[in-house]
>>> print(open('protein-v7.txt').read())   # compact mmCIF, C-alpha atoms
# COMPACT_ATOMS: atom_id res chain seq x y z
CA MET U 13 0.00 0.00 0.00
CA LYS U 14 2.86 2.39 0.83
CA THR U 15 4.46 1.59 -2.52
CA LEU U 16 1.23 2.45 -4.36
CA LYS U 17 0.89 5.77 -2.51
CA LEU U 18 4.52 6.58 -3.23
CA LEU U 19 4.08 5.73 -6.92
CA LEU U 20 0.92 7.89 -7.18
CA ALA U 21 2.68 10.80 -5.45
CA LEU U 22 5.64 10.48 -7.80
CA CYS U 23 3.32 10.46 -10.86
CA LEU U 24 1.51 13.54 -9.56
CA ILE U 25 4.77 15.42 -8.97
CA CYS U 26 6.09 14.50 -12.43
CA SER U 27 2.90 15.48 -14.24
CA THR U 28 2.62 18.75 -12.28
CA SER U 29 6.23 19.71 -13.02
CA LEU U 30 5.74 18.81 -16.70
CA VAL U 31 2.66 21.05 -16.97
CA MET U 32 4.30 23.87 -14.99
CA SER U 33 7.37 23.78 -17.25
CA GLN U 34 5.10 24.60 -20.20
CA VAL U 35 3.15 27.40 -18.46
CA ARG U 36 3.75 30.75 -20.15
CA PRO U 37 2.68 34.18 -18.84
CA GLY U 38 1.67 37.00 -21.12
CA PHE U 39 -0.09 40.32 -21.51
CA LYS U 40 -2.89 41.53 -23.78
CA ILE U 41 -4.36 44.79 -24.99
CA GLY U 42 -7.23 45.65 -27.28
CA LEU U 43 -10.33 47.62 -28.15
CA ASN U 44 -13.86 47.21 -26.80
CA ASN U 45 -16.99 48.08 -28.75
CA ALA U 46 -19.50 48.08 -25.86
CA ASN U 47 -23.27 48.39 -25.65
CA ILE U 48 -26.01 48.02 -23.00
CA SER U 49 -29.18 46.33 -24.26
CA ASN U 50 -32.69 47.83 -24.01
CA THR U 51 -31.42 51.37 -23.43
CA THR U 52 -31.24 54.55 -25.50
CA LEU U 53 -27.43 54.39 -25.27
CA ASP U 54 -25.38 53.91 -28.42
CA THR U 55 -22.31 51.74 -28.84
CA LYS U 56 -19.20 53.10 -27.07
CA SER U 57 -15.50 52.46 -27.69
CA GLY U 58 -13.12 51.59 -24.86
CA ILE U 59 -10.03 49.55 -24.12
CA TYR U 60 -9.05 46.40 -22.30
CA VAL U 61 -5.61 45.54 -20.97
CA GLY U 62 -4.24 42.90 -18.64
CA ALA U 63 -2.28 39.73 -18.06
CA PHE U 64 -2.83 35.99 -18.48
CA VAL U 65 -1.21 32.62 -17.88
CA ASP U 66 -1.23 30.05 -20.68
CA ILE U 67 -1.56 26.49 -19.31
CA PRO U 68 -1.40 23.83 -22.06
CA ILE U 69 -3.36 20.72 -21.12
CA SER U 70 -3.01 18.88 -24.43
CA GLU U 71 -1.96 19.59 -28.03
CA TYR U 72 -5.52 20.70 -28.78
CA TYR U 73 -6.59 22.43 -25.55
CA THR U 74 -5.17 25.24 -23.40
CA LEU U 75 -6.60 26.87 -20.27
CA GLN U 76 -5.80 30.58 -20.07
CA PRO U 77 -6.80 32.35 -16.80
CA GLU U 78 -6.67 36.13 -17.21
CA LEU U 79 -7.05 39.34 -15.23
CA LEU U 80 -8.09 42.41 -17.25
CA TYR U 81 -9.16 46.02 -16.91
CA SER U 82 -12.12 46.59 -19.25
CA ASN U 83 -13.81 49.93 -20.03
CA GLN U 84 -17.46 49.40 -21.03
CA GLY U 85 -20.79 51.24 -20.98
CA GLY U 86 -22.63 53.20 -23.62
CA LYS U 87 -22.58 56.50 -25.50
CA SER U 88 -25.37 58.95 -24.80
CA ASN U 89 -27.36 60.57 -27.58
CA SER U 90 -29.30 62.78 -25.16
CA ASP U 91 -28.54 66.14 -23.54
CA GLN U 92 -29.85 64.94 -20.17
CA PHE U 93 -27.25 62.21 -19.62
CA GLY U 94 -23.61 61.97 -20.54
CA ASP U 95 -21.86 58.82 -21.69
CA VAL U 96 -22.03 55.90 -19.27
CA ASN U 97 -18.51 54.67 -18.44
CA ILE U 98 -18.20 51.49 -16.41
CA ASN U 99 -14.72 50.28 -15.46
CA TYR U 100 -14.50 46.59 -14.67
CA ILE U 101 -11.82 44.29 -13.31
CA SER U 102 -12.50 41.12 -15.32
CA ILE U 103 -11.44 37.72 -14.06
CA GLY U 104 -11.76 35.38 -17.02
CA LEU U 105 -11.29 31.69 -17.67
CA PRO U 106 -10.91 31.24 -21.45
CA ASN U 107 -10.68 27.74 -22.90
CA LYS U 108 -8.73 27.64 -26.17
CA PHE U 109 -9.37 24.80 -28.61
CA TYR U 110 -6.76 24.46 -31.37
CA MET U 111 -7.59 23.09 -34.83
CA GLY U 112 -4.51 20.85 -34.76
CA PRO U 113 -1.31 20.16 -32.80
CA ASP U 114 0.75 22.52 -34.96
CA SER U 115 -2.04 24.95 -35.82
CA GLY U 116 -2.14 28.48 -34.44
CA PHE U 117 -5.83 28.88 -35.31
CA HIS U 118 -8.08 28.39 -32.27
CA PHE U 119 -11.60 28.86 -30.91
CA ILE U 120 -12.24 30.47 -27.52
CA LEU U 121 -15.05 29.73 -25.04
CA GLY U 122 -15.13 30.97 -21.48
CA LEU U 123 -16.72 32.51 -18.41
CA GLY U 124 -15.84 35.68 -16.57
CA LEU U 125 -16.61 37.64 -13.44
CA ASP U 126 -16.62 41.42 -14.00
CA ILE U 127 -16.29 43.60 -10.90
CA ASN U 128 -17.52 47.18 -11.32
CA PHE U 129 -14.89 49.19 -9.42
CA GLU U 130 -15.75 52.61 -10.88
CA ASN U 131 -18.45 54.22 -12.98
CA ASN U 132 -19.61 57.74 -13.66
CA PHE U 133 -23.28 56.95 -13.15
CA VAL U 134 -23.22 56.67 -9.34
CA ASN U 135 -23.38 60.46 -9.16
CA LEU U 136 -26.96 60.22 -10.39
CA THR U 137 -28.87 58.47 -7.63
CA ASN U 138 -32.50 57.55 -7.28
CA PHE U 139 -34.74 58.92 -4.54
CA ASN U 140 -33.41 56.38 -2.02
CA GLY U 141 -29.80 57.44 -2.64
CA ASP U 142 -28.82 54.00 -3.93
CA ASP U 143 -26.04 53.45 -6.43
CA GLU U 144 -27.31 53.06 -9.96
CA ILE U 145 -25.21 50.32 -11.55
CA SER U 146 -24.87 46.68 -10.52
CA PRO U 147 -21.55 45.97 -8.76
CA VAL U 148 -20.81 42.70 -10.63
CA ASP U 149 -21.56 40.96 -13.89
CA VAL U 150 -21.09 37.35 -14.91
CA SER U 151 -20.16 37.06 -18.56
CA VAL U 152 -19.89 34.34 -21.17
CA PHE U 153 -17.70 34.83 -24.20
CA GLY U 154 -16.57 33.18 -27.39
CA GLY U 155 -14.29 34.01 -30.27
CA ILE U 156 -11.52 33.04 -32.61
CA GLY U 157 -7.81 33.71 -32.71
CA TYR U 158 -4.49 32.94 -34.28
CA GLU U 159 -1.23 32.32 -32.43
CA PHE U 160 2.14 32.79 -34.14
CA ASP U 161 5.15 30.63 -33.24
CA PHE U 162 7.07 33.59 -31.76
CA GLY U 163 4.34 34.34 -29.16
CA LEU U 164 2.10 36.97 -30.79
CA ILE U 165 -1.64 36.20 -30.57
CA LEU U 166 -4.46 37.99 -32.44
CA GLU U 167 -8.01 37.46 -31.17
CA ALA U 168 -11.59 38.62 -31.67
CA ARG U 169 -14.27 37.86 -29.06
CA TYR U 170 -17.83 38.66 -28.18
CA LYS U 171 -18.59 38.94 -24.45
CA GLN U 172 -22.19 38.83 -23.21
CA GLY U 173 -23.15 39.90 -19.70
CA THR U 174 -25.83 37.92 -17.84
CA ILE U 175 -26.65 40.29 -14.93
CA SER U 176 -28.68 43.42 -15.63
CA VAL U 177 -26.81 46.72 -15.25
CA ASP U 178 -30.05 48.26 -13.85
CA PHE U 179 -30.19 52.03 -14.02
CA PHE U 180 -32.55 52.23 -11.04
CA GLY U 181 -34.93 55.17 -11.17
CA GLU U 182 -33.68 56.59 -14.47
CA ASP U 183 -36.56 55.69 -16.77
CA ASP U 184 -35.32 58.04 -19.50
CA LEU U 185 -32.48 55.64 -20.27
CA TYR U 186 -34.77 52.68 -20.95
CA GLU U 187 -35.68 52.04 -24.55
CA GLU U 188 -37.88 49.00 -23.90
CA ALA U 189 -38.67 46.53 -21.16
CA GLY U 190 -36.16 43.83 -20.33
CA SER U 191 -32.76 43.38 -18.75
CA ASN U 192 -29.99 45.89 -19.46
CA LEU U 193 -27.13 43.56 -20.33
CA ASN U 194 -23.55 44.38 -21.28
CA GLY U 195 -22.54 43.27 -24.76
CA VAL U 196 -18.93 43.79 -25.84
CA PHE U 197 -17.12 42.99 -29.08
CA GLN U 198 -13.37 42.81 -28.38
CA ILE U 199 -10.48 42.74 -30.81
CA GLY U 200 -6.87 42.78 -29.72
CA ALA U 201 -3.41 41.35 -29.48
CA ALA U 202 -1.50 39.42 -26.84
CA TYR U 203 2.05 38.31 -26.35
CA LYS U 204 3.05 35.06 -24.64
CA PHE U 205 6.54 34.99 -23.07
CA LYS U 206 8.91 32.05 -23.25
CA ILE U 207 10.25 31.11 -19.82
>>> encode(input="protein-v7.txt", output="structure tokens")
Amino acid sequence: MKTLKLLLALCLICSTSLVMSQVRPGFKIGLNNANISNTTLDTKSGIYVGAFVDIPISEYYTLQPELLYSNQGGKSNSDQFGDVNINYISIGLPNKFYMGPDSGFHFILGLGLDINFENNFVNLTNFNGDDEISPVDVSVFGGIGYEFDFGLILEARYKQGTISVDFFGEDDLYEEAGSNLNGVFQIGAAYKFKI
């Protein structure tokens, strides 16, 4: 029994060190084209920037945890309200599926938690004095990308929020009934370091 436990521990250590030797950190930057559904707001441009860790699991699949700053919201077309700027810290868990073992082309599917750390809409409060924008959002995203051998990655994604932004008490912003969900098209570049 001790021999079996020792053998299992040795296998675990070897596999962990093999995976960790292939882990590569990186950074990414890109443009957001953001919108909030069921509002009178137009699409707004912003940026995203952050870091990630590339963890290859197999020749066809890589897990890529990431931490990003993402500027989202909407552009106002009314004199009463200015643009809505929402700054999120995004914790994402992209799954990258490669077309082949030597192919740079890949598909991306993932989940994210967006934490609203700053927005310009909290200055407008409803009659109870409550903040106007939801503090968190849970997002799902998908996209495509291409990874070059020297570490450069080009990607395009669409990220869909699942928790309503909720502009409480500001009926003039609502275009129609329904949830006010973040929708963001992202295009950008990343670089993966060799360690």
>>> closest_residue(input="protein-v7.txt", among="U:Pro147, U:Gly163, U:Gly58, U:Gly86", to="U:Asn44", atoms="all atoms listed in the file")
U:Gly58
>>> closest_residue(input="protein-v7.txt", among="U:Ser90, U:Gln172, U:Leu164, U:Pro113", to="U:Leu125", atoms="all atoms listed in the file")
U:Gln172
>>> closest_atom_pairs(input="protein-v7.txt", of="stretch 60-139 of chain U", to="stretch 151-156 of chain U", cutoff="7 Å", atoms="all atoms listed in the file", output="CSV")
residue,atom,partner,partner_atom,distance
U:His118,CA,U:Ile156,CA,5.8
U:Phe119,CA,U:Ile156,CA,4.5
U:Ile120,CA,U:Gly155,CA,4.9
U:Leu121,CA,U:Gly154,CA,4.4
U:Gly122,CA,U:Phe153,CA,5.4
U:Leu123,CA,U:Val152,CA,4.6
U:Gly124,CA,U:Ser151,CA,5.0
U:Leu125,CA,U:Ser151,CA,6.3
>>> atom_distance(input="protein-v7.txt", atom1="atom CA of U:Asn132", atom2="atom CA of U:Ile199")
24.5 Å
>>> residues_around(input="protein-v7.txt", residues="U:Leu79", least_positions_apart="5", cutoff="6 Å", atoms="all atoms listed in the file", output="JSON, numbers by chain")
{"U": [62, 63, 102, 103]}
>>> closest_residue(input="protein-v7.txt", among="U:Ile127, U:Ile41, U:Ile207, U:Leu80", to="U:Gly173", atoms="only C-alpha atoms")
U:Ile127
>>> atom_distance(input="protein-v7.txt", atom1="atom CA of U:Asn47", atom2="atom CA of U:Leu193")
8.2 Å
>>> axis_aligned_box(input="protein-v7.txt", around="stretch 98-111 of chain U", padding_each_side="4 Å", output="AutoDock Vina command-line options")
--center_x -12.5 --center_y 37.3 --center_z -24.1 --size_x 19.4 --size_y 36.4 --size_z 29.5
>>> atom_distance(input="protein-v7.txt", atom1="atom CA of U:Glu78", atom2="atom CA of U:Ala202")
11.4 Å
>>> build_atoms(input="protein-v7.txt", residues="stretch 48-65 of chain U", atoms="N, CA and C atoms", output="PDB file, in the frame of the given file")
ATOM      1  N   ILE U  48     -25.127  48.512 -24.069  1.00  0.00           N
ATOM      2  CA  ILE U  48     -26.010  48.020 -23.000  1.00  0.00           C
ATOM      3  C   ILE U  48     -27.389  47.851 -23.607  1.00  0.00           C
ATOM      4  N   SER U  49     -27.917  46.633 -23.580  1.00  0.00           N
ATOM      5  CA  SER U  49     -29.180  46.330 -24.260  1.00  0.00           C
ATOM      6  C   SER U  49     -30.372  47.027 -23.616  1.00  0.00           C
ATOM      7  N   ASN U  50     -31.402  47.248 -24.430  1.00  0.00           N
ATOM      8  CA  ASN U  50     -32.690  47.830 -24.010  1.00  0.00           C
ATOM      9  C   ASN U  50     -32.543  49.212 -23.393  1.00  0.00           C
ATOM     10  N   THR U  51     -31.575  49.992 -23.870  1.00  0.00           N
ATOM     11  CA  THR U  51     -31.420  51.370 -23.430  1.00  0.00           C
ATOM     12  C   THR U  51     -31.347  52.283 -24.650  1.00  0.00           C
ATOM     13  N   THR U  52     -31.387  53.582 -24.414  1.00  0.00           N
ATOM     14  CA  THR U  52     -31.240  54.550 -25.500  1.00  0.00           C
ATOM     15  C   THR U  52     -29.772  54.842 -25.792  1.00  0.00           C
ATOM     16  N   LEU U  53     -28.857  54.168 -25.070  1.00  0.00           N
ATOM     17  CA  LEU U  53     -27.430  54.390 -25.270  1.00  0.00           C
ATOM     18  C   LEU U  53     -26.941  53.758 -26.570  1.00  0.00           C
ATOM     19  N   ASP U  54     -26.015  54.442 -27.221  1.00  0.00           N
ATOM     20  CA  ASP U  54     -25.380  53.910 -28.420  1.00  0.00           C
ATOM     21  C   ASP U  54     -24.122  53.135 -28.047  1.00  0.00           C
ATOM     22  N   THR U  55     -23.539  52.493 -29.035  1.00  0.00           N
ATOM     23  CA  THR U  55     -22.310  51.740 -28.840  1.00  0.00           C
ATOM     24  C   THR U  55     -21.156  52.694 -28.505  1.00  0.00           C
ATOM     25  N   LYS U  56     -20.303  52.273 -27.566  1.00  0.00           N
ATOM     26  CA  LYS U  56     -19.200  53.100 -27.070  1.00  0.00           C
ATOM     27  C   LYS U  56     -17.883  52.341 -27.226  1.00  0.00           C
ATOM     28  N   SER U  57     -16.832  53.062 -27.585  1.00  0.00           N
ATOM     29  CA  SER U  57     -15.500  52.460 -27.690  1.00  0.00           C
ATOM     30  C   SER U  57     -14.764  52.584 -26.361  1.00  0.00           C
ATOM     31  N   GLY U  58     -13.940  51.597 -26.068  1.00  0.00           N
ATOM     32  CA  GLY U  58     -13.120  51.590 -24.860  1.00  0.00           C
ATOM     33  C   GLY U  58     -11.933  50.684 -25.077  1.00  0.00           C
ATOM     34  N   ILE U  59     -11.199  50.411 -24.010  1.00  0.00           N
ATOM     35  CA  ILE U  59     -10.030  49.550 -24.120  1.00  0.00           C
ATOM     36  C   ILE U  59     -10.108  48.418 -23.097  1.00  0.00           C
ATOM     37  N   TYR U  60      -9.310  47.402 -23.333  1.00  0.00           N
ATOM     38  CA  TYR U  60      -9.050  46.400 -22.300  1.00  0.00           C
ATOM     39  C   TYR U  60      -7.552  46.125 -22.289  1.00  0.00           C
ATOM     40  N   VAL U  61      -7.033  45.819 -21.109  1.00  0.00           N
ATOM     41  CA  VAL U  61      -5.610  45.540 -20.970  1.00  0.00           C
ATOM     42  C   VAL U  61      -5.419  44.661 -19.736  1.00  0.00           C
ATOM     43  N   GLY U  62      -4.458  43.759 -19.796  1.00  0.00           N
ATOM     44  CA  GLY U  62      -4.240  42.900 -18.640  1.00  0.00           C
ATOM     45  C   GLY U  62      -3.214  41.813 -18.892  1.00  0.00           C
ATOM     46  N   ALA U  63      -3.254  40.805 -18.021  1.00  0.00           N
ATOM     47  CA  ALA U  63      -2.280  39.730 -18.060  1.00  0.00           C
ATOM     48  C   ALA U  63      -2.987  38.375 -18.034  1.00  0.00           C
ATOM     49  N   PHE U  64      -2.275  37.343 -18.464  1.00  0.00           N
ATOM     50  CA  PHE U  64      -2.830  35.990 -18.480  1.00  0.00           C
ATOM     51  C   PHE U  64      -1.728  34.978 -18.245  1.00  0.00           C
ATOM     52  N   VAL U  65      -2.136  33.755 -17.986  1.00  0.00           N
ATOM     53  CA  VAL U  65      -1.210  32.620 -17.880  1.00  0.00           C
ATOM     54  C   VAL U  65      -1.728  31.529 -18.798  1.00  0.00           C
TER      55      VAL U  65
END
